[in-house]
Amino acid sequence: MANKVYPTADAALAGLLHDGIMLMSGGFGLCGVPDALIESIKKSGVKGLTVVSNNAGVDGAALGLLLETRQIKKMISSYVGENKLFADQFLKGELELEFNPQGTLAERIRAGGAGIPAFFTKTGFGTVIAEGKETREFDGQHYVMERSLVADVSIVHAWKGDTEGNLVYRKTARNFNPIMATAGKVTVAEVEHLVEAGQIDPDHIMTPGIFVQRIVHIKDPVKRIEVRTVRKRS
């Protein structure tokens, strides 16, 4: 079997990045974000990217880094808060945005990974979300057709992985990572803990290695807190 483990994030992405590709990036806010792979994409200078992600990180971190360098042409997202640069570029017409209800975005990605080209949902019917899309009535209820999403490259973050690409996510850092891992033509995973094949209990595997083509071991990654909330002193 081919060796899936690469020594660096740059090596793991070598040959995959081209101008104008669609990229899926796991994470929710700053939780479960493949930061090392994003840094590598920034260094590559690739541009004109369409990025599928719940949000675009924050100013100065996660996908916010790629906004700073103007490498993202379009975002397909469900949340666009917490990032002033995102808002500024969008309002100036420098960044395209395809806005999705969060459940719809998740299902578009899941459907792409499952080989389902489209599906119908009630969410968004009668709103701007439905403009230009096919609608249909089922059992007296109105639905909007949404197309699935398949990326040229998916980048994900996992807590643990083995050398065959089987992945385990930890708590809320799971978020969009598992479905994005299935919906990429090529999936690259950064893992905090790398073990040999067979050392992960099969019942604990969340993403089977068949969906993962490349792995990079990132020890002790920085885990940022998006919004620090503390109790007021009495």
# chains A, B, ... in the order shown; residues from 1 in each chain; ligands from 1

call {"tool": "residues_around", "arguments": {"residues": "Ile21 (chain A)", "least_positions_apart": "4", "cutoff": "8 Å", "atoms": "only C-alpha atoms", "output": "PyMOL selection string"}}
result
chain A and resi 17+48-50+151-153

call {"tool": "write_last_selection", "arguments": {"atoms": "C-alpha atoms", "output": "PDB file, in the first residue's frame"}}
result
ATOM      1  CA  LEU A  17      -2.899  23.119  -5.161  1.00  0.00           C
ATOM      2  CA  GLY A  48      -8.799  32.243  -6.995  1.00  0.00           C
ATOM      3  CA  LEU A  49      -9.943  29.652  -4.455  1.00  0.00           C
ATOM      4  CA  THR A  50     -13.547  28.704  -3.792  1.00  0.00           C
ATOM      5  CA  ALA A 151     -14.168  19.573  -3.447  1.00  0.00           C
ATOM      6  CA  ASP A 152     -10.975  19.169  -5.417  1.00  0.00           C
ATOM      7  CA  VAL A 153      -9.160  19.041  -2.067  1.00  0.00           C
TER       8      VAL A 153
END

call {"tool": "residues_around", "arguments": {"residues": "Leu30 (chain A)", "least_positions_apart": "2", "cutoff": "10 Å", "atoms": "only C-alpha atoms", "output": "list of chain:residue names"}}
result
A:Gly26, A:Gly27, A:Phe28, A:Gly32, A:Val33, A:Pro34, A:Asp35, A:Asn55, A:Ala56, A:Gly57, A:Val58, A:Ala61, A:Ala62, A:Leu63, A:Ala173, A:Lys223, A:Arg224, A:Ile225, A:Glu226, A:Val227

call {"tool": "write_last_selection", "arguments": {"atoms": "N, CA and C atoms", "output": "short mmCIF file (atom, residue, chain, number, x, y, z; two decimals), in the first residue's frame"}}
result
data_model
loop_
_atom_site.label_atom_id
_atom_site.label_comp_id
_atom_site.auth_asym_id
_atom_site.auth_seq_id
_atom_site.Cartn_x
_atom_site.Cartn_y
_atom_site.Cartn_z
N GLY A 26 -12.21 21.95 7.14
CA GLY A 26 -12.96 21.60 8.34
C GLY A 26 -12.82 22.64 9.43
N GLY A 27 -13.67 22.53 10.43
CA GLY A 27 -13.62 23.45 11.56
C GLY A 27 -14.93 24.17 11.78
N PHE A 28 -15.03 24.75 12.95
CA PHE A 28 -16.20 25.54 13.33
C PHE A 28 -15.66 26.65 14.22
N GLY A 32 -11.16 22.71 15.73
CA GLY A 32 -11.00 21.66 14.75
C GLY A 32 -10.56 22.15 13.39
N VAL A 33 -9.82 23.26 13.36
CA VAL A 33 -9.38 23.86 12.11
C VAL A 33 -8.00 23.30 11.73
N PRO A 34 -7.79 22.92 10.47
CA PRO A 34 -6.48 22.43 10.02
C PRO A 34 -5.50 23.58 9.79
N ASP A 35 -5.04 24.18 10.88
CA ASP A 35 -4.24 25.41 10.79
C ASP A 35 -2.93 25.22 10.03
N ASN A 55 -17.41 28.84 8.32
CA ASN A 55 -17.12 30.28 8.42
C ASN A 55 -15.69 30.49 7.94
N ALA A 56 -15.22 31.72 8.02
CA ALA A 56 -13.88 32.04 7.50
C ALA A 56 -12.92 32.39 8.62
N GLY A 57 -13.02 31.70 9.74
CA GLY A 57 -12.12 31.95 10.85
C GLY A 57 -12.34 33.33 11.43
N VAL A 58 -11.28 33.92 11.93
CA VAL A 58 -11.34 35.29 12.46
C VAL A 58 -10.20 36.08 11.84
N ALA A 61 -6.39 34.67 11.83
CA ALA A 61 -6.27 33.25 12.18
C ALA A 61 -7.15 32.40 11.28
N ALA A 62 -6.75 31.13 11.15
CA ALA A 62 -7.48 30.15 10.33
C ALA A 62 -7.65 30.69 8.91
N LEU A 63 -8.85 30.55 8.32
CA LEU A 63 -9.04 31.00 6.94
C LEU A 63 -8.91 32.51 6.80
N ALA A 173 -14.50 19.36 18.27
CA ALA A 173 -13.58 19.53 17.14
C ALA A 173 -13.93 18.59 15.99
N LYS A 223 -4.07 25.87 20.11
CA LYS A 223 -5.53 25.84 20.10
C LYS A 223 -6.04 27.17 20.63
N ARG A 224 -6.47 27.99 19.69
CA ARG A 224 -6.90 29.34 20.04
C ARG A 224 -8.32 29.34 20.60
N ILE A 225 -8.61 30.33 21.43
CA ILE A 225 -9.96 30.53 21.94
C ILE A 225 -10.57 31.69 21.17
N GLU A 226 -11.68 31.41 20.50
CA GLU A 226 -12.28 32.44 19.64
C GLU A 226 -12.85 33.59 20.45
N VAL A 227 -13.64 33.29 21.44
CA VAL A 227 -14.21 34.32 22.32
C VAL A 227 -14.00 33.87 23.76
#

call {"tool": "residues_around", "arguments": {"residues": "region 76-93 of chain A", "least_positions_apart": "2", "cutoff": "8 Å", "atoms": "only C-alpha atoms", "output": "PDB file with all heavy atoms, in the first residue's frame"}}
result
ATOM      1  N   THR A  50     -12.199  28.775  -4.347  1.00  0.00           N
ATOM      2  CA  THR A  50     -13.547  28.704  -3.792  1.00  0.00           C
ATOM      3  C   THR A  50     -13.441  27.830  -2.558  1.00  0.00           C
ATOM      4  O   THR A  50     -13.032  26.671  -2.652  1.00  0.00           O
ATOM      5  CB  THR A  50     -14.533  28.075  -4.794  1.00  0.00           C
ATOM      6  OG1 THR A  50     -14.674  28.948  -5.917  1.00  0.00           O
ATOM      7  CG2 THR A  50     -15.908  27.866  -4.147  1.00  0.00           C
ATOM      8  N   VAL A  51     -13.767  28.389  -1.402  1.00  0.00           N
ATOM      9  CA  VAL A  51     -13.569  27.679  -0.139  1.00  0.00           C
ATOM     10  C   VAL A  51     -14.914  27.368   0.505  1.00  0.00           C
ATOM     11  O   VAL A  51     -15.735  28.259   0.723  1.00  0.00           O
ATOM     12  CB  VAL A  51     -12.684  28.488   0.837  1.00  0.00           C
ATOM     13  CG1 VAL A  51     -12.527  27.744   2.162  1.00  0.00           C
ATOM     14  CG2 VAL A  51     -11.318  28.746   0.215  1.00  0.00           C
ATOM     15  N   VAL A  52     -15.119  26.089   0.807  1.00  0.00           N
ATOM     16  CA  VAL A  52     -16.311  25.633   1.512  1.00  0.00           C
ATOM     17  C   VAL A  52     -15.935  25.461   2.973  1.00  0.00           C
ATOM     18  O   VAL A  52     -15.077  24.651   3.320  1.00  0.00           O
ATOM     19  CB  VAL A  52     -16.832  24.295   0.942  1.00  0.00           C
ATOM     20  CG1 VAL A  52     -18.095  23.864   1.683  1.00  0.00           C
ATOM     21  CG2 VAL A  52     -17.074  24.399  -0.553  1.00  0.00           C
ATOM     22  N   SER A  53     -16.558  26.237   3.831  1.00  0.00           N
ATOM     23  CA  SER A  53     -16.282  26.156   5.266  1.00  0.00           C
ATOM     24  C   SER A  53     -17.442  26.793   6.002  1.00  0.00           C
ATOM     25  O   SER A  53     -18.074  27.727   5.495  1.00  0.00           O
ATOM     26  CB  SER A  53     -14.986  26.888   5.611  1.00  0.00           C
ATOM     27  OG  SER A  53     -14.693  26.790   6.996  1.00  0.00           O
ATOM     28  N   ASN A  54     -17.715  26.309   7.198  1.00  0.00           N
ATOM     29  CA  ASN A  54     -18.796  26.897   7.986  1.00  0.00           C
ATOM     30  C   ASN A  54     -18.628  28.405   8.100  1.00  0.00           C
ATOM     31  O   ASN A  54     -19.575  29.163   7.998  1.00  0.00           O
ATOM     32  CB  ASN A  54     -18.834  26.267   9.377  1.00  0.00           C
ATOM     33  CG  ASN A  54     -19.871  26.915  10.265  1.00  0.00           C
ATOM     34  OD1 ASN A  54     -21.057  26.800  10.022  1.00  0.00           O
ATOM     35  ND2 ASN A  54     -19.419  27.623  11.296  1.00  0.00           N
ATOM     36  N   ASN A  55     -17.413  28.844   8.322  1.00  0.00           N
ATOM     37  CA  ASN A  55     -17.119  30.277   8.418  1.00  0.00           C
ATOM     38  C   ASN A  55     -15.687  30.494   7.942  1.00  0.00           C
ATOM     39  O   ASN A  55     -15.019  29.565   7.524  1.00  0.00           O
ATOM     40  CB  ASN A  55     -17.310  30.779   9.840  1.00  0.00           C
ATOM     41  CG  ASN A  55     -16.364  30.106  10.817  1.00  0.00           C
ATOM     42  OD1 ASN A  55     -16.380  28.887  10.955  1.00  0.00           O
ATOM     43  ND2 ASN A  55     -15.529  30.873  11.471  1.00  0.00           N
ATOM     44  N   ALA A  56     -15.216  31.723   8.024  1.00  0.00           N
ATOM     45  CA  ALA A  56     -13.877  32.041   7.499  1.00  0.00           C
ATOM     46  C   ALA A  56     -12.916  32.390   8.617  1.00  0.00           C
ATOM     47  O   ALA A  56     -12.080  33.283   8.479  1.00  0.00           O
ATOM     48  CB  ALA A  56     -13.965  33.174   6.490  1.00  0.00           C
ATOM     49  N   GLY A  57     -13.024  31.696   9.740  1.00  0.00           N
ATOM     50  CA  GLY A  57     -12.121  31.949  10.846  1.00  0.00           C
ATOM     51  C   GLY A  57     -12.342  33.335  11.434  1.00  0.00           C
ATOM     52  O   GLY A  57     -13.461  33.861  11.424  1.00  0.00           O
ATOM     53  N   VAL A  58     -11.280  33.924  11.934  1.00  0.00           N
ATOM     54  CA  VAL A  58     -11.339  35.285  12.460  1.00  0.00           C
ATOM     55  C   VAL A  58     -10.195  36.075  11.842  1.00  0.00           C
ATOM     56  O   VAL A  58      -9.332  35.526  11.164  1.00  0.00           O
ATOM     57  CB  VAL A  58     -11.220  35.303  14.008  1.00  0.00           C
ATOM     58  CG1 VAL A  58     -12.353  34.516  14.642  1.00  0.00           C
ATOM     59  CG2 VAL A  58      -9.873  34.759  14.467  1.00  0.00           C
ATOM     60  N   ASP A  59     -10.186  37.361  12.070  1.00  0.00           N
ATOM     61  CA  ASP A  59      -9.106  38.185  11.542  1.00  0.00           C
ATOM     62  C   ASP A  59      -7.774  37.700  12.099  1.00  0.00           C
ATOM     63  O   ASP A  59      -7.579  37.612  13.306  1.00  0.00           O
ATOM     64  CB  ASP A  59      -9.338  39.656  11.909  1.00  0.00           C
ATOM     65  CG  ASP A  59     -10.592  40.214  11.256  1.00  0.00           C
ATOM     66  OD1 ASP A  59     -10.623  40.274  10.017  1.00  0.00           O
ATOM     67  OD2 ASP A  59     -11.543  40.553  11.980  1.00  0.00           O
ATOM     68  N   GLY A  64      -8.969  33.218   7.917  1.00  0.00           N
ATOM     69  CA  GLY A  64      -8.738  34.661   7.879  1.00  0.00           C
ATOM     70  C   GLY A  64      -7.393  35.003   7.268  1.00  0.00           C
ATOM     71  O   GLY A  64      -7.213  36.068   6.666  1.00  0.00           O
ATOM     72  N   LEU A  67      -7.809  35.239   3.560  1.00  0.00           N
ATOM     73  CA  LEU A  67      -8.505  36.468   3.179  1.00  0.00           C
ATOM     74  C   LEU A  67      -7.520  37.634   3.150  1.00  0.00           C
ATOM     75  O   LEU A  67      -7.589  38.493   2.268  1.00  0.00           O
ATOM     76  CB  LEU A  67      -9.640  36.769   4.164  1.00  0.00           C
ATOM     77  CG  LEU A  67     -10.855  35.840   4.124  1.00  0.00           C
ATOM     78  CD1 LEU A  67     -11.838  36.225   5.227  1.00  0.00           C
ATOM     79  CD2 LEU A  67     -11.551  35.899   2.770  1.00  0.00           C
ATOM     80  N   GLU A  68      -6.596  37.645   4.104  1.00  0.00           N
ATOM     81  CA  GLU A  68      -5.607  38.725   4.161  1.00  0.00           C
ATOM     82  C   GLU A  68      -4.779  38.779   2.885  1.00  0.00           C
ATOM     83  O   GLU A  68      -4.424  39.863   2.411  1.00  0.00           O
ATOM     84  CB  GLU A  68      -4.680  38.519   5.361  1.00  0.00           C
ATOM     85  CG  GLU A  68      -5.332  38.762   6.710  1.00  0.00           C
ATOM     86  CD  GLU A  68      -4.375  38.506   7.864  1.00  0.00           C
ATOM     87  OE1 GLU A  68      -3.231  38.072   7.601  1.00  0.00           O
ATOM     88  OE2 GLU A  68      -4.770  38.756   9.009  1.00  0.00           O
ATOM     89  N   LYS A  74     -14.136  33.086  -3.531  1.00  0.00           N
ATOM     90  CA  LYS A  74     -15.526  32.851  -3.159  1.00  0.00           C
ATOM     91  C   LYS A  74     -15.594  31.981  -1.911  1.00  0.00           C
ATOM     92  O   LYS A  74     -14.832  31.022  -1.774  1.00  0.00           O
ATOM     93  CB  LYS A  74     -16.265  32.157  -4.314  1.00  0.00           C
ATOM     94  CG  LYS A  74     -17.724  31.818  -4.032  1.00  0.00           C
ATOM     95  CD  LYS A  74     -18.364  31.136  -5.249  1.00  0.00           C
ATOM     96  CE  LYS A  74     -19.818  30.768  -5.007  1.00  0.00           C
ATOM     97  NZ  LYS A  74     -20.433  30.132  -6.193  1.00  0.00           N
ATOM     98  N   LEU A  95     -15.137  39.854  -2.742  1.00  0.00           N
ATOM     99  CA  LEU A  95     -15.288  38.459  -2.319  1.00  0.00           C
ATOM    100  C   LEU A  95     -16.714  38.004  -2.607  1.00  0.00           C
ATOM    101  O   LEU A  95     -17.675  38.658  -2.199  1.00  0.00           O
ATOM    102  CB  LEU A  95     -15.000  38.332  -0.820  1.00  0.00           C
ATOM    103  CG  LEU A  95     -15.157  36.948  -0.186  1.00  0.00           C
ATOM    104  CD1 LEU A  95     -14.075  36.003  -0.694  1.00  0.00           C
ATOM    105  CD2 LEU A  95     -15.082  37.045   1.342  1.00  0.00           C
ATOM    106  N   GLU A  96     -16.861  36.885  -3.326  1.00  0.00           N
ATOM    107  CA  GLU A  96     -18.182  36.324  -3.580  1.00  0.00           C
ATOM    108  C   GLU A  96     -18.606  35.483  -2.377  1.00  0.00           C
ATOM    109  O   GLU A  96     -17.772  34.862  -1.710  1.00  0.00           O
ATOM    110  CB  GLU A  96     -18.155  35.447  -4.825  1.00  0.00           C
ATOM    111  CG  GLU A  96     -17.820  36.182  -6.109  1.00  0.00           C
ATOM    112  CD  GLU A  96     -17.720  35.228  -7.273  1.00  0.00           C
ATOM    113  OE1 GLU A  96     -18.571  34.317  -7.383  1.00  0.00           O
ATOM    114  OE2 GLU A  96     -16.766  35.367  -8.069  1.00  0.00           O
ATOM    115  N   LEU A  97     -19.902  35.442  -2.123  1.00  0.00           N
ATOM    116  CA  LEU A  97     -20.424  34.661  -1.008  1.00  0.00           C
ATOM    117  C   LEU A  97     -21.654  33.887  -1.445  1.00  0.00           C
ATOM    118  O   LEU A  97     -22.605  34.456  -1.986  1.00  0.00           O
ATOM    119  CB  LEU A  97     -20.801  35.581   0.163  1.00  0.00           C
ATOM    120  CG  LEU A  97     -21.559  34.930   1.328  1.00  0.00           C
ATOM    121  CD1 LEU A  97     -20.713  33.847   1.989  1.00  0.00           C
ATOM    122  CD2 LEU A  97     -21.977  35.995   2.345  1.00  0.00           C
ATOM    123  N   GLU A  98     -21.628  32.579  -1.239  1.00  0.00           N
ATOM    124  CA  GLU A  98     -22.795  31.732  -1.426  1.00  0.00           C
ATOM    125  C   GLU A  98     -23.246  31.325  -0.028  1.00  0.00           C
ATOM    126  O   GLU A  98     -22.638  30.479   0.613  1.00  0.00           O
ATOM    127  CB  GLU A  98     -22.444  30.507  -2.268  1.00  0.00           C
ATOM    128  CG  GLU A  98     -23.659  29.661  -2.639  1.00  0.00           C
ATOM    129  CD  GLU A  98     -23.297  28.523  -3.579  1.00  0.00           C
ATOM    130  OE1 GLU A  98     -22.434  28.717  -4.451  1.00  0.00           O
ATOM    131  OE2 GLU A  98     -23.882  27.427  -3.426  1.00  0.00           O
ATOM    132  N   PHE A  99     -24.304  31.974   0.441  1.00  0.00           N
ATOM    133  CA  PHE A  99     -24.744  31.828   1.832  1.00  0.00           C
ATOM    134  C   PHE A  99     -25.705  30.654   1.952  1.00  0.00           C
ATOM    135  O   PHE A  99     -26.632  30.517   1.151  1.00  0.00           O
ATOM    136  CB  PHE A  99     -25.419  33.126   2.270  1.00  0.00           C
ATOM    137  CG  PHE A  99     -25.372  33.383   3.741  1.00  0.00           C
ATOM    138  CD1 PHE A  99     -24.273  33.020   4.497  1.00  0.00           C
ATOM    139  CD2 PHE A  99     -26.432  34.012   4.376  1.00  0.00           C
ATOM    140  CE1 PHE A  99     -24.237  33.266   5.852  1.00  0.00           C
ATOM    141  CE2 PHE A  99     -26.407  34.265   5.722  1.00  0.00           C
ATOM    142  CZ  PHE A  99     -25.302  33.894   6.462  1.00  0.00           C
ATOM    143  N   ASN A 100     -25.494  29.824   2.955  1.00  0.00           N
ATOM    144  CA  ASN A 100     -26.304  28.622   3.169  1.00  0.00           C
ATOM    145  C   ASN A 100     -26.798  28.542   4.600  1.00  0.00           C
ATOM    146  O   ASN A 100     -26.026  28.832   5.521  1.00  0.00           O
ATOM    147  CB  ASN A 100     -25.470  27.355   2.932  1.00  0.00           C
ATOM    148  CG  ASN A 100     -25.019  27.164   1.512  1.00  0.00           C
ATOM    149  OD1 ASN A 100     -25.480  26.283   0.819  1.00  0.00           O
ATOM    150  ND2 ASN A 100     -24.084  27.996   1.071  1.00  0.00           N
ATOM    151  N   PRO A 101     -28.033  28.106   4.819  1.00  0.00           N
ATOM    152  CA  PRO A 101     -28.412  27.693   6.167  1.00  0.00           C
ATOM    153  C   PRO A 101     -27.447  26.589   6.610  1.00  0.00           C
ATOM    154  O   PRO A 101     -27.018  25.767   5.787  1.00  0.00           O
ATOM    155  CB  PRO A 101     -29.833  27.169   6.006  1.00  0.00           C
ATOM    156  CG  PRO A 101     -30.353  27.820   4.756  1.00  0.00           C
ATOM    157  CD  PRO A 101     -29.146  27.945   3.861  1.00  0.00           C
ATOM    158  N   GLN A 102     -27.117  26.561   7.893  1.00  0.00           N
ATOM    159  CA  GLN A 102     -26.057  25.652   8.332  1.00  0.00           C
ATOM    160  C   GLN A 102     -26.375  24.173   8.077  1.00  0.00           C
ATOM    161  O   GLN A 102     -25.514  23.403   7.629  1.00  0.00           O
ATOM    162  CB  GLN A 102     -25.755  25.859   9.813  1.00  0.00           C
ATOM    163  CG  GLN A 102     -24.486  25.176  10.250  1.00  0.00           C
ATOM    164  CD  GLN A 102     -24.061  25.630  11.626  1.00  0.00           C
ATOM    165  OE1 GLN A 102     -24.419  25.010  12.625  1.00  0.00           O
ATOM    166  NE2 GLN A 102     -23.303  26.703  11.687  1.00  0.00           N
ATOM    167  N   LEU A 105     -25.897  23.485   4.399  1.00  0.00           N
ATOM    168  CA  LEU A 105     -24.483  23.363   4.056  1.00  0.00           C
ATOM    169  C   LEU A 105     -23.946  21.991   4.442  1.00  0.00           C
ATOM    170  O   LEU A 105     -23.271  21.325   3.645  1.00  0.00           O
ATOM    171  CB  LEU A 105     -23.674  24.454   4.755  1.00  0.00           C
ATOM    172  CG  LEU A 105     -22.161  24.404   4.504  1.00  0.00           C
ATOM    173  CD1 LEU A 105     -21.848  24.666   3.039  1.00  0.00           C
ATOM    174  CD2 LEU A 105     -21.430  25.399   5.398  1.00  0.00           C
TER     175      LEU A 105
END

call {"tool": "select_by_dssp", "arguments": {"residues": "region 36-227 of chain A", "states": "helix (DSSP H, G or I)", "output": "MDAnalysis selection string"}}
result
chainID A and resid 36:44 64:68 84:91 102:114 128:130 171:173 177:182 202:204 209:211

call {"tool": "write_last_selection", "arguments": {"atoms": "N, CA and C atoms", "output": "compact mmCIF listing (two decimals), in the first residue's frame"}}
result
# COMPACT_ATOMS: atom_id res chain seq x y z
N ALA A 36 -2.25 24.10 10.26
CA ALA A 36 -0.96 23.89 9.59
C ALA A 36 -1.14 23.81 8.07
N LEU A 37 -2.21 23.16 7.63
CA LEU A 37 -2.46 23.04 6.20
C LEU A 37 -2.87 24.39 5.61
N ILE A 38 -3.63 25.18 6.36
CA ILE A 38 -3.99 26.53 5.89
C ILE A 38 -2.75 27.40 5.75
N GLU A 39 -1.84 27.31 6.72
CA GLU A 39 -0.58 28.07 6.63
C GLU A 39 0.20 27.67 5.38
N SER A 40 0.19 26.38 5.07
CA SER A 40 0.90 25.91 3.88
C SER A 40 0.25 26.44 2.60
N ILE A 41 -1.08 26.48 2.58
CA ILE A 41 -1.78 27.02 1.42
C ILE A 41 -1.45 28.50 1.24
N LYS A 42 -1.37 29.22 2.36
CA LYS A 42 -0.99 30.63 2.30
C LYS A 42 0.39 30.78 1.67
N LYS A 43 1.34 29.98 2.10
CA LYS A 43 2.71 30.05 1.58
C LYS A 43 2.78 29.70 0.10
N SER A 44 1.88 28.82 -0.35
CA SER A 44 1.92 28.37 -1.75
C SER A 44 1.60 29.49 -2.73
N GLY A 64 -8.97 33.22 7.92
CA GLY A 64 -8.74 34.66 7.88
C GLY A 64 -7.39 35.00 7.27
N LEU A 65 -6.42 34.08 7.39
CA LEU A 65 -5.10 34.30 6.80
C LEU A 65 -5.17 34.35 5.28
N LEU A 66 -6.03 33.52 4.70
CA LEU A 66 -6.15 33.49 3.24
C LEU A 66 -6.96 34.67 2.72
N LEU A 67 -7.81 35.24 3.56
CA LEU A 67 -8.51 36.47 3.18
C LEU A 67 -7.52 37.63 3.15
N GLU A 68 -6.60 37.65 4.10
CA GLU A 68 -5.61 38.73 4.16
C GLU A 68 -4.78 38.78 2.88
N LYS A 84 -14.05 40.84 10.44
CA LYS A 84 -14.28 42.16 9.84
C LYS A 84 -13.75 42.23 8.41
N LEU A 85 -12.64 41.55 8.16
CA LEU A 85 -12.07 41.57 6.81
C LEU A 85 -12.99 40.88 5.82
N PHE A 86 -13.61 39.78 6.24
CA PHE A 86 -14.60 39.08 5.41
C PHE A 86 -15.70 40.07 5.00
N ALA A 87 -16.28 40.74 5.99
CA ALA A 87 -17.37 41.68 5.72
C ALA A 87 -16.90 42.81 4.80
N ASP A 88 -15.71 43.32 5.06
CA ASP A 88 -15.19 44.43 4.27
C ASP A 88 -15.01 44.03 2.81
N GLN A 89 -14.41 42.86 2.57
CA GLN A 89 -14.19 42.41 1.19
C GLN A 89 -15.51 42.12 0.47
N PHE A 90 -16.46 41.54 1.20
CA PHE A 90 -17.76 41.24 0.59
C PHE A 90 -18.49 42.53 0.21
N LEU A 91 -18.52 43.48 1.11
CA LEU A 91 -19.24 44.73 0.86
C LEU A 91 -18.59 45.56 -0.25
N GLN A 102 -27.12 26.56 7.89
CA GLN A 102 -26.06 25.65 8.33
C GLN A 102 -26.38 24.17 8.08
N GLY A 103 -27.62 23.78 8.33
CA GLY A 103 -28.00 22.39 8.06
C GLY A 103 -27.94 22.06 6.59
N THR A 104 -28.31 23.03 5.75
CA THR A 104 -28.24 22.82 4.30
C THR A 104 -26.80 22.66 3.85
N LEU A 105 -25.90 23.48 4.40
CA LEU A 105 -24.48 23.36 4.06
C LEU A 105 -23.95 21.99 4.44
N ALA A 106 -24.27 21.55 5.65
CA ALA A 106 -23.81 20.24 6.11
C ALA A 106 -24.33 19.12 5.21
N GLU A 107 -25.59 19.22 4.80
CA GLU A 107 -26.17 18.17 3.96
C GLU A 107 -25.61 18.23 2.54
N ARG A 108 -25.31 19.40 2.04
CA ARG A 108 -24.70 19.50 0.71
C ARG A 108 -23.34 18.78 0.69
N ILE A 109 -22.59 18.94 1.77
CA ILE A 109 -21.29 18.28 1.87
C ILE A 109 -21.47 16.77 2.06
N ARG A 110 -22.36 16.39 2.96
CA ARG A 110 -22.59 14.96 3.22
C ARG A 110 -23.07 14.26 1.95
N ALA A 111 -23.99 14.93 1.23
CA ALA A 111 -24.51 14.34 0.00
C ALA A 111 -23.41 14.17 -1.04
N GLY A 112 -22.52 15.15 -1.11
CA GLY A 112 -21.41 15.04 -2.05
C GLY A 112 -20.55 13.82 -1.75
N GLY A 113 -20.28 13.59 -0.47
CA GLY A 113 -19.49 12.44 -0.08
C GLY A 113 -20.20 11.12 -0.31
N ALA A 114 -21.53 11.17 -0.31
CA ALA A 114 -22.33 9.95 -0.50
C ALA A 114 -22.69 9.69 -1.95
N VAL A 128 -34.73 34.53 -0.19
CA VAL A 128 -33.70 34.76 -1.21
C VAL A 128 -32.83 33.51 -1.41
N ILE A 129 -32.80 32.64 -0.41
CA ILE A 129 -32.03 31.40 -0.53
C ILE A 129 -32.52 30.55 -1.71
N ALA A 130 -33.82 30.65 -2.00
CA ALA A 130 -34.42 29.81 -3.04
C ALA A 130 -34.38 30.45 -4.43
N LYS A 171 -14.43 15.40 20.61
CA LYS A 171 -15.52 16.27 21.07
C LYS A 171 -15.96 17.24 19.98
N THR A 172 -16.13 18.55 20.31
CA THR A 172 -16.70 19.48 19.33
C THR A 172 -15.76 19.77 18.17
N ALA A 173 -14.50 19.36 18.27
CA ALA A 173 -13.58 19.53 17.14
C ALA A 173 -13.93 18.59 15.99
N ASN A 177 -15.53 18.22 10.04
CA ASN A 177 -14.41 17.44 9.54
C ASN A 177 -14.80 16.09 8.94
N PRO A 178 -15.63 15.26 9.61
CA PRO A 178 -15.92 13.94 9.04
C PRO A 178 -16.61 13.97 7.68
N ILE A 179 -17.57 14.87 7.51
CA ILE A 179 -18.27 14.89 6.23
C ILE A 179 -17.39 15.48 5.13
N MET A 180 -16.55 16.44 5.48
CA MET A 180 -15.64 17.00 4.47
C MET A 180 -14.60 15.98 4.05
N ALA A 181 -14.21 15.11 4.96
CA ALA A 181 -13.23 14.08 4.62
C ALA A 181 -13.77 13.15 3.54
N THR A 182 -15.08 12.95 3.51
CA THR A 182 -15.67 12.07 2.50
C THR A 182 -15.95 12.79 1.18
N PRO A 202 -11.27 -0.37 16.15
CA PRO A 202 -12.15 -0.16 14.98
C PRO A 202 -13.48 0.50 15.34
N ASP A 203 -13.99 0.24 16.54
CA ASP A 203 -15.25 0.86 16.96
C ASP A 203 -15.11 2.35 17.23
N HIS A 204 -13.88 2.84 17.34
CA HIS A 204 -13.64 4.26 17.64
C HIS A 204 -13.34 5.08 16.40
N GLY A 209 -10.01 5.07 6.73
CA GLY A 209 -8.86 5.50 5.96
C GLY A 209 -9.06 5.51 4.47
N ILE A 210 -10.06 4.82 3.95
CA ILE A 210 -10.30 4.81 2.50
C ILE A 210 -10.61 6.22 1.98
N PHE A 211 -11.08 7.11 2.87
CA PHE A 211 -11.41 8.47 2.45
C PHE A 211 -10.22 9.42 2.53

call {"tool": "closest_residue", "arguments": {"among": "A:Met206, A:Ser25, A:Gln199, A:Val191", "to": "Ala9 (chain A)", "atoms": "only C-alpha atoms"}}
result
A:Val191

call {"tool": "atom_distance", "arguments": {"atom1": "CA of Lys185 (chain A)", "atom2": "CA of Lys4 (chain A)"}}
result
15.2 Å

call {"tool": "select_by_dssp", "arguments": {"residues": "region 11-173 of chain A", "states": "strand (DSSP E)", "output": "count of residues only"}}
result
47

call {"tool": "atom_distance", "arguments": {"atom1": "CA of Thr123 (chain A)", "atom2": "CA of Leu149 (chain A)"}}
result
17.4 Å

call {"tool": "residues_around", "arguments": {"residues": "Pro7 (chain A)", "least_positions_apart": "3", "cutoff": "8 Å", "atoms": "only C-alpha atoms", "output": "PyMOL selection string"}}
result
chain A and resi 11-12+216-217

call {"tool": "residues_around", "arguments": {"residues": "Val168 (chain A)", "least_positions_apart": "6", "cutoff": "8 Å", "atoms": "only C-alpha atoms", "output": "list of chain:residue names"}}
result
A:Ala158, A:Trp159, A:Lys160, A:Gly161, A:His204, A:Ile205, A:Met206, A:Thr207

call {"tool": "atom_distance", "arguments": {"atom1": "CA of Asn3 (chain A)", "atom2": "CA of Val222 (chain A)"}}
result
26.8 Å
